[in-house]
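Peer 1: The structure file upload12.tsv (TSV, C-alpha atoms) is provided below.
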chain	number	residue	atom	x	y	z
A	865	MET	CA	21.45	-12.67	-24.60
A	866	GLN	CA	17.96	-13.14	-23.30
A	867	ILE	CA	15.69	-10.36	-22.07
A	868	HIS	CA	12.83	-11.21	-19.72
A	869	ILE	CA	9.73	-9.18	-20.54
A	870	PRO	CA	7.30	-8.10	-17.78
A	871	THR	CA	3.75	-9.40	-18.19
A	872	PRO	CA	2.02	-6.27	-19.58
A	873	LEU	CA	4.77	-5.64	-22.14
A	874	ARG	CA	4.32	-9.07	-23.72
A	875	ALA	CA	1.48	-7.52	-25.70
A	876	PHE	CA	4.28	-5.87	-27.70
A	877	THR	CA	6.44	-8.99	-28.14
A	878	GLY	CA	3.85	-11.35	-29.57
A	879	GLN	CA	3.27	-12.67	-26.03
A	880	GLN	CA	6.87	-13.84	-25.79
A	881	ALA	CA	8.05	-13.82	-22.17
A	882	THR	CA	11.69	-13.93	-23.22
A	883	VAL	CA	13.24	-12.25	-26.25
A	884	GLU	CA	16.70	-12.69	-27.77
A	885	ALA	CA	18.72	-9.52	-28.29
A	886	GLN	CA	22.22	-8.57	-29.43
A	887	GLY	CA	24.60	-5.93	-28.20
A	888	ARG	CA	27.87	-5.20	-26.49
A	889	ASP	CA	26.30	-3.50	-23.51
A	890	VAL	CA	22.90	-3.23	-21.85
A	891	GLY	CA	22.01	-0.08	-23.78
A	892	GLU	CA	22.69	-1.75	-27.13
A	893	ALA	CA	20.70	-4.81	-26.11
A	894	LEU	CA	17.72	-2.69	-25.12
A	895	GLU	CA	18.03	-0.74	-28.37
A	896	ASP	CA	18.03	-4.02	-30.27
A	897	LEU	CA	14.93	-5.06	-28.34
A	898	VAL	CA	12.95	-1.93	-29.22
A	899	ARG	CA	14.18	-2.03	-32.83
A	900	THR	CA	12.76	-5.53	-33.14
A	901	HIS	CA	9.59	-4.60	-31.24
A	902	PRO	CA	9.04	-0.87	-31.96
A	903	PRO	CA	5.94	-0.34	-29.77
A	904	LEU	CA	8.10	-1.21	-26.76
A	905	ARG	CA	10.15	1.96	-27.20
A	906	ALA	CA	7.53	4.28	-25.71
A	907	GLN	CA	6.99	1.88	-22.83
A	908	LEU	CA	10.65	1.76	-21.84
A	909	PHE	CA	12.05	5.13	-22.89
A	910	ASN	CA	10.86	8.72	-22.55
A	911	THR	CA	10.91	11.13	-25.47
A	912	ASP	CA	14.51	12.09	-24.63
A	913	GLY	CA	15.58	8.51	-25.18
A	914	GLN	CA	16.27	7.94	-21.47
A	915	LEU	CA	14.91	4.92	-19.64
A	916	ARG	CA	11.67	5.89	-17.94
A	917	SER	CA	12.16	6.67	-14.28
A	918	PHE	CA	10.18	3.65	-13.10
A	919	VAL	CA	12.07	1.15	-15.27
A	920	ASN	CA	14.76	-0.82	-13.47
A	921	VAL	CA	17.05	-3.12	-15.40
A	922	TYR	CA	18.94	-6.09	-14.02
A	923	LEU	CA	21.83	-7.83	-15.71
A	924	ASN	CA	21.77	-11.35	-14.30
A	925	ASP	CA	21.48	-10.57	-10.55
A	926	GLU	CA	22.75	-7.00	-10.61
A	927	ASP	CA	20.85	-3.73	-10.82
A	928	ILE	CA	22.62	-1.84	-13.62
A	929	ARG	CA	22.35	1.42	-11.68
A	930	TYR	CA	25.30	0.10	-9.65
A	931	THR	CA	27.30	-1.48	-12.45
A	932	GLY	CA	27.61	1.23	-15.12
A	933	LYS	CA	23.99	1.75	-16.12
A	934	GLU	CA	23.35	1.21	-19.85
A	935	LYS	CA	27.09	1.02	-20.50
A	936	THR	CA	27.34	-2.19	-18.48
A	937	PRO	CA	28.98	-4.78	-20.79
A	938	VAL	CA	27.05	-7.94	-21.60
A	939	ASN	CA	27.91	-11.43	-22.83
A	940	ALA	CA	25.83	-13.69	-25.03
A	941	SER	CA	25.06	-15.94	-22.07
A	942	ASP	CA	23.72	-13.09	-19.91
A	943	THR	CA	20.12	-12.45	-18.96
A	944	ILE	CA	18.55	-9.01	-18.73
A	945	SER	CA	15.42	-8.48	-16.63
A	946	ILE	CA	13.14	-5.47	-16.84
A	947	VAL	CA	11.53	-4.75	-13.49
A	948	PRO	CA	9.21	-1.81	-12.85
A	949	SER	CA	9.68	0.32	-9.78
A	950	ILE	CA	6.48	0.01	-7.74
A	951	ALA	CA	5.43	2.83	-5.43
A	952	GLY	CA	2.33	4.72	-4.44
A	953	GLY	CA	0.27	5.73	-1.49
A	954	CYS	CA	-2.64	7.82	-0.41
A	955	ARG	CA	-2.82	11.58	-0.11
A	956	ALA	CA	-0.29	13.85	1.51
A	957	LEU	CA	0.03	13.82	5.24
A	958	THR	CA	-2.37	15.94	7.20
A	959	THR	CA	-1.41	17.58	10.44
A	960	ALA	CA	-2.85	14.52	12.15
A	961	GLY	CA	-0.16	12.45	10.49
A	962	ARG	CA	-2.61	10.38	8.52
A	963	CYS	CA	-3.80	10.33	4.95
B	254	MET	CA	-10.66	-5.53	-17.94
B	255	ALA	CA	-11.25	-7.49	-14.80
B	256	LEU	CA	-9.41	-9.06	-11.92
B	257	GLU	CA	-10.49	-12.50	-10.80
B	258	MET	CA	-9.43	-13.73	-7.39
B	259	GLY	CA	-10.54	-15.98	-4.59
B	260	GLN	CA	-12.33	-14.50	-1.60
B	261	GLU	CA	-9.65	-16.10	0.53
B	262	GLU	CA	-6.88	-14.24	-1.30
B	263	LEU	CA	-8.70	-10.95	-0.94
B	264	GLU	CA	-9.08	-11.61	2.77
B	265	ARG	CA	-5.35	-12.30	2.91
B	266	VAL	CA	-4.69	-8.87	1.41
B	267	ARG	CA	-7.06	-7.23	3.89
B	268	ARG	CA	-5.39	-8.99	6.81
B	269	HIS	CA	-2.02	-7.77	5.60
B	270	GLY	CA	-3.36	-4.21	5.64
B	271	GLU	CA	-4.73	-4.67	9.14
B	272	GLU	CA	-1.44	-6.05	10.40
B	273	THR	CA	0.65	-3.19	9.04
B	274	TYR	CA	-1.84	-0.47	10.06
B	275	PRO	CA	-1.28	2.46	10.46
B	276	HIS	CA	1.34	1.85	7.78
B	277	GLU	CA	0.54	0.94	4.23
B	278	CYS	CA	1.03	-2.66	3.17
B	279	CYS	CA	1.95	-3.75	-0.34
B	280	GLY	CA	2.33	-6.92	-2.34
B	281	LEU	CA	2.18	-8.79	-5.59
B	282	LEU	CA	-0.76	-10.40	-7.35
B	283	LEU	CA	0.55	-13.58	-8.94
B	284	GLY	CA	-1.38	-15.58	-11.49
B	285	ARG	CA	-2.06	-15.67	-15.18
B	286	THR	CA	-3.67	-13.53	-17.80
B	287	GLY	CA	-6.50	-15.35	-19.54
B	288	ALA	CA	-7.10	-15.29	-23.28
B	289	ASP	CA	-9.96	-12.88	-22.61
B	290	GLY	CA	-7.56	-10.49	-20.87
B	291	VAL	CA	-8.89	-11.22	-17.41
B	292	ARG	CA	-6.11	-11.26	-14.83
B	293	VAL	CA	-6.62	-14.34	-12.70
B	294	VAL	CA	-4.91	-14.23	-9.30
B	295	ALA	CA	-3.56	-17.50	-7.97
B	296	GLU	CA	-2.04	-15.94	-4.88
B	297	ALA	CA	-1.27	-12.63	-3.24
B	298	GLN	CA	2.32	-12.39	-2.09
B	299	ARG	CA	3.32	-9.98	0.63
B	300	MET	CA	6.11	-7.52	0.00
B	301	ARG	CA	7.86	-5.30	2.48
B	302	ASN	CA	6.99	-1.60	2.45
B	303	ALA	CA	10.49	-0.17	2.07
B	304	HIS	CA	9.36	3.44	2.47
B	305	THR	CA	11.11	4.49	5.67
B	306	GLU	CA	10.16	8.17	5.85
B	307	SER	CA	6.38	8.05	5.55
B	308	PRO	CA	5.07	4.46	5.48
B	309	GLN	CA	1.67	5.60	6.77
B	310	ASN	CA	0.84	7.18	3.44
B	311	ARG	CA	3.49	5.88	1.03
B	312	PHE	CA	4.75	2.51	-0.07
B	313	VAL	CA	7.61	1.42	-2.23
B	314	PHE	CA	8.92	-2.01	-3.12
B	315	ASP	CA	12.54	-2.74	-2.47
B	316	PRO	CA	13.81	-3.14	-6.07
B	317	GLN	CA	16.01	-6.14	-5.31
B	318	GLU	CA	13.21	-7.92	-3.46
B	319	HIS	CA	10.88	-7.23	-6.38
B	320	PHE	CA	13.43	-8.56	-8.87
B	321	GLU	CA	13.87	-11.74	-6.84
B	322	ALA	CA	10.10	-12.17	-6.44
B	323	GLN	CA	9.63	-11.75	-10.18
B	324	ARG	CA	12.25	-14.39	-10.86
B	325	ALA	CA	10.77	-16.78	-8.29
B	326	ALA	CA	7.28	-16.36	-9.76
B	327	ARG	CA	8.62	-17.08	-13.24
B	328	GLY	CA	10.24	-20.23	-11.90
B	329	ARG	CA	6.85	-21.36	-10.65
B	330	GLY	CA	5.12	-20.63	-13.93
B	331	LEU	CA	3.29	-17.61	-12.51
B	332	GLU	CA	3.14	-14.07	-13.82
B	333	ILE	CA	2.94	-10.83	-11.90
B	334	VAL	CA	-0.51	-9.67	-13.01
B	335	GLY	CA	-0.75	-6.77	-10.59
B	336	PHE	CA	0.05	-5.21	-7.27
B	337	TYR	CA	-1.84	-4.34	-4.13
B	338	HIS	CA	-1.49	-1.80	-1.39
B	339	SER	CA	-3.56	-0.42	1.45
B	340	HIS	CA	-4.84	3.06	2.21
B	341	PRO	CA	-4.97	3.49	5.99
B	342	ASP	CA	-7.98	5.63	6.98
B	343	HIS	CA	-8.51	6.57	3.37
B	344	PRO	CA	-10.85	5.22	0.67
B	345	ALA	CA	-9.80	2.42	-1.65
B	346	TRP	CA	-9.33	4.84	-4.47
B	347	PRO	CA	-6.10	5.74	-6.27
B	348	SER	CA	-4.41	9.00	-5.35
B	349	GLN	CA	-2.59	11.40	-7.62
B	350	PHE	CA	0.59	9.97	-6.15
B	351	ASP	CA	-0.51	6.48	-7.19
B	352	LEU	CA	-1.10	7.76	-10.71
B	353	GLU	CA	2.25	9.50	-10.95
B	354	HIS	CA	4.07	6.37	-9.81
B	355	ALA	CA	2.19	3.74	-11.79
B	356	ALA	CA	4.17	1.45	-14.07
B	357	TRP	CA	2.60	0.23	-17.31
B	358	PRO	CA	-1.01	-0.25	-18.33
B	359	GLY	CA	-1.88	-3.93	-18.22
B	360	TYR	CA	-1.34	-4.49	-14.51
B	361	SER	CA	-4.11	-4.57	-11.94
B	362	TYR	CA	-3.72	-2.16	-9.04
B	363	LEU	CA	-5.75	-3.45	-6.12
B	364	ILE	CA	-6.30	-1.03	-3.23
B	365	VAL	CA	-7.84	-1.96	0.11
B	366	SER	CA	-9.08	0.57	2.63
B	367	ILE	CA	-8.20	0.04	6.29
B	368	GLN	CA	-10.27	2.14	8.67
B	369	GLN	CA	-9.13	2.44	12.28
B	370	GLY	CA	-7.16	-0.75	11.90
B	371	ARG	CA	-9.93	-2.85	10.40
B	372	ALA	CA	-10.48	-3.62	6.72
B	373	ALA	CA	-13.41	-1.60	5.43
B	374	GLN	CA	-16.08	-4.00	4.21
B	375	GLU	CA	-18.21	-1.63	2.19
B	376	ALA	CA	-16.38	-0.50	-0.96
B	377	GLY	CA	-13.23	-1.45	0.90
B	378	ALA	CA	-11.48	-3.05	-2.06
B	379	ASN	CA	-11.25	-1.69	-5.58
B	380	SER	CA	-9.07	-2.58	-8.52
B	381	PHE	CA	-7.85	-0.35	-11.30
B	382	GLU	CA	-5.90	-0.40	-14.52
B	383	LEU	CA	-3.83	2.49	-15.83
B	384	ALA	CA	-5.31	4.06	-18.98
B	385	GLU	CA	-3.26	3.62	-22.15
B	386	ASP	CA	-2.39	7.35	-22.16
B	387	ARG	CA	-1.41	7.14	-18.47
B	388	SER	CA	-3.76	10.03	-17.68
B	389	ARG	CA	-5.97	8.21	-15.17
B	390	PHE	CA	-6.88	4.93	-13.59
B	391	LEU	CA	-9.87	2.97	-14.88
B	392	GLN	CA	-11.78	0.94	-12.34
B	393	GLU	CA	-12.09	-2.73	-13.20
B	394	THR	CA	-14.41	-5.42	-11.91
B	395	ILE	CA	-13.20	-7.71	-9.14
B	396	ALA	CA	-14.71	-11.10	-9.84
B	397	LEU	CA	-14.55	-13.08	-6.59
B	398	ARG	CA	-14.66	-16.84	-6.67
Hey, can you dump this file as structure tokens for me?
Peer 2:
Amino acid sequence: MQIHIPTPLRAFTGQQATVEAQGRDVGEALEDLVRTHPPLRAQLFNTDGQLRSFVNVYLNDEDIRYTGKEKTPVNASDTISIVPSIAGGCRALTTAGRC
Amino acid sequence: MALEMGQEELERVRRHGEETYPHECCGLLLGRTGADGVRVVAEAQRMRNAHTESPQNRFVFDPQEHFEAQRAARGRGLEIVGFYHSHPDHPAWPSQFDLEHAAWPGYSYLIVSIQQGRAAQEAGANSFELAEDRSRFLQETIALR
């Protein structure tokens, strides 16, 4: 299957925007990806081997959090997308209700 | 590193922040990364602030909307080179919360300050990149064209 690589992580895939990977489920495909491109491992996984909290993964059009997470089965024709969770904001609320 | 964008696009970001005030606005910076590493913005695309509990000092992208925007940008030959958000009545400087929720180094994080509903003109827009060790943000030049 194909894995779409977010812009900043292409520095670790030889600037490839899309990488081929093998596996029976999403977890195996991601493992194949980081085996082929080892510097990606620290970008995608924490030291416990879990996907970093801000890393969302889509299989075709579906967020894998709702389809079985890394155990979601994949086919050769599938596409995996890595999408970072984007959040932020200014300081904690004051009593005035503003930053 | 540096962020290059048109004055018009920056004004578009500021207007977005004024319109959503006192809530934070957020969006995508679409463009391309040059061979010299400069992130060149072709357009700023608005995103919805999906933070329902405290949108005046927090923002979050809806994951599905972000996924679809990423796919649409790819279809147009554009990359997501960074993100923007506003700080209502707060300087255009990243917070600890911004740092804790940053994604990967290599994106630009543009912040605009909105003071009393109007975009701050002096030091009202700053851009940052996450340090490789994720310990801090590094300010980068905004090259306006």
Peer 1: I need the chain A residues near chain B as a list of chain:residue names; criterion: at most 6 Å, counting only C-alpha atoms.
Peer 2: A:Pro872, A:Ile950, A:Ala951, A:Gly952, A:Gly953, A:Cys954, A:Cys963
Peer 1: My list of candidates is A:Ile928, A:Leu923, A:Leu904, A:Leu894. Which is closest to A:Arg874 when distances are computed with only C-alpha atoms?
Peer 2: A:Leu904
Peer 1: Rank nothing, just name the residue among B:Gln392, B:Gln369, B:Gln260, B:Ser380 nearest to B:Thr273, using only C-alpha atoms.
Peer 2: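 Nearest candidate to B:Thr273 out of B:Gln392, B:Gln369, B:Gln260, B:Ser380: B:Gln369.
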Peer 1: Would you list the contacts of stretch 936-940 of chain A as a ChimeraX atom specification, taking every protein, DNA or RNA residue within 12 Å and counting all atoms listed in the file, but skipping same-chain residues closer than 5 positions in sequence?
Peer 2: /A:865-867,884-894,921-924,926-931
Peer 1: Report the distance between atom CA of B:Phe381 and atom CA of B:Ala326 in Å, rounded to one decimal place.
Peer 2: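 According to the coordinates, atom CA of B:Phe381 and atom CA of B:Ala326 are separated by 22.1 Å.
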Peer 1: Could you give me, as a JSON list (two decimals) with C-alpha atoms, in the coordinates of the input, the residues that have an atom at most 9 Å away from the point (-12.9, -8.3, -11.6) in the coordinates of the file, using all atoms listed in the file?
Peer 2:
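Saved file out02.json follows:
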[["chain", "number", "residue", "atom", "x", "y", "z"],
["B", 254, "MET", "CA", -10.66, -5.53, -17.94],
["B", 255, "ALA", "CA", -11.25, -7.49, -14.80],
["B", 256, "LEU", "CA", -9.41, -9.06, -11.92],
["B", 257, "GLU", "CA", -10.49, -12.50, -10.80],
["B", 258, "MET", "CA", -9.43, -13.73, -7.39],
["B", 291, "VAL", "CA", -8.89, -11.22, -17.41],
["B", 292, "ARG", "CA", -6.11, -11.26, -14.83],
["B", 293, "VAL", "CA", -6.62, -14.34, -12.70],
["B", 380, "SER", "CA", -9.07, -2.58, -8.52],
["B", 393, "GLU", "CA", -12.09, -2.73, -13.20],
["B", 394, "THR", "CA", -14.41, -5.42, -11.91],
["B", 395, "ILE", "CA", -13.20, -7.71, -9.14],
["B", 396, "ALA", "CA", -14.71, -11.10, -9.84],
["B", 397, "LEU", "CA", -14.55, -13.08, -6.59]]
Peer 1: Which residue gives the smallest distance to B:Glu271 among B:Ser366, B:Glu382, B:Phe390, B:Arg398, with all atoms listed in the file counted?
Peer 2: B:Ser366
Peer 1: So what do you get for atom CA of A:Pro948 versus atom CA of A:Pro870, distance-wise?
Peer 2: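 Going from atom CA of A:Pro948 over to atom CA of A:Pro870 covers 8.2 Å.
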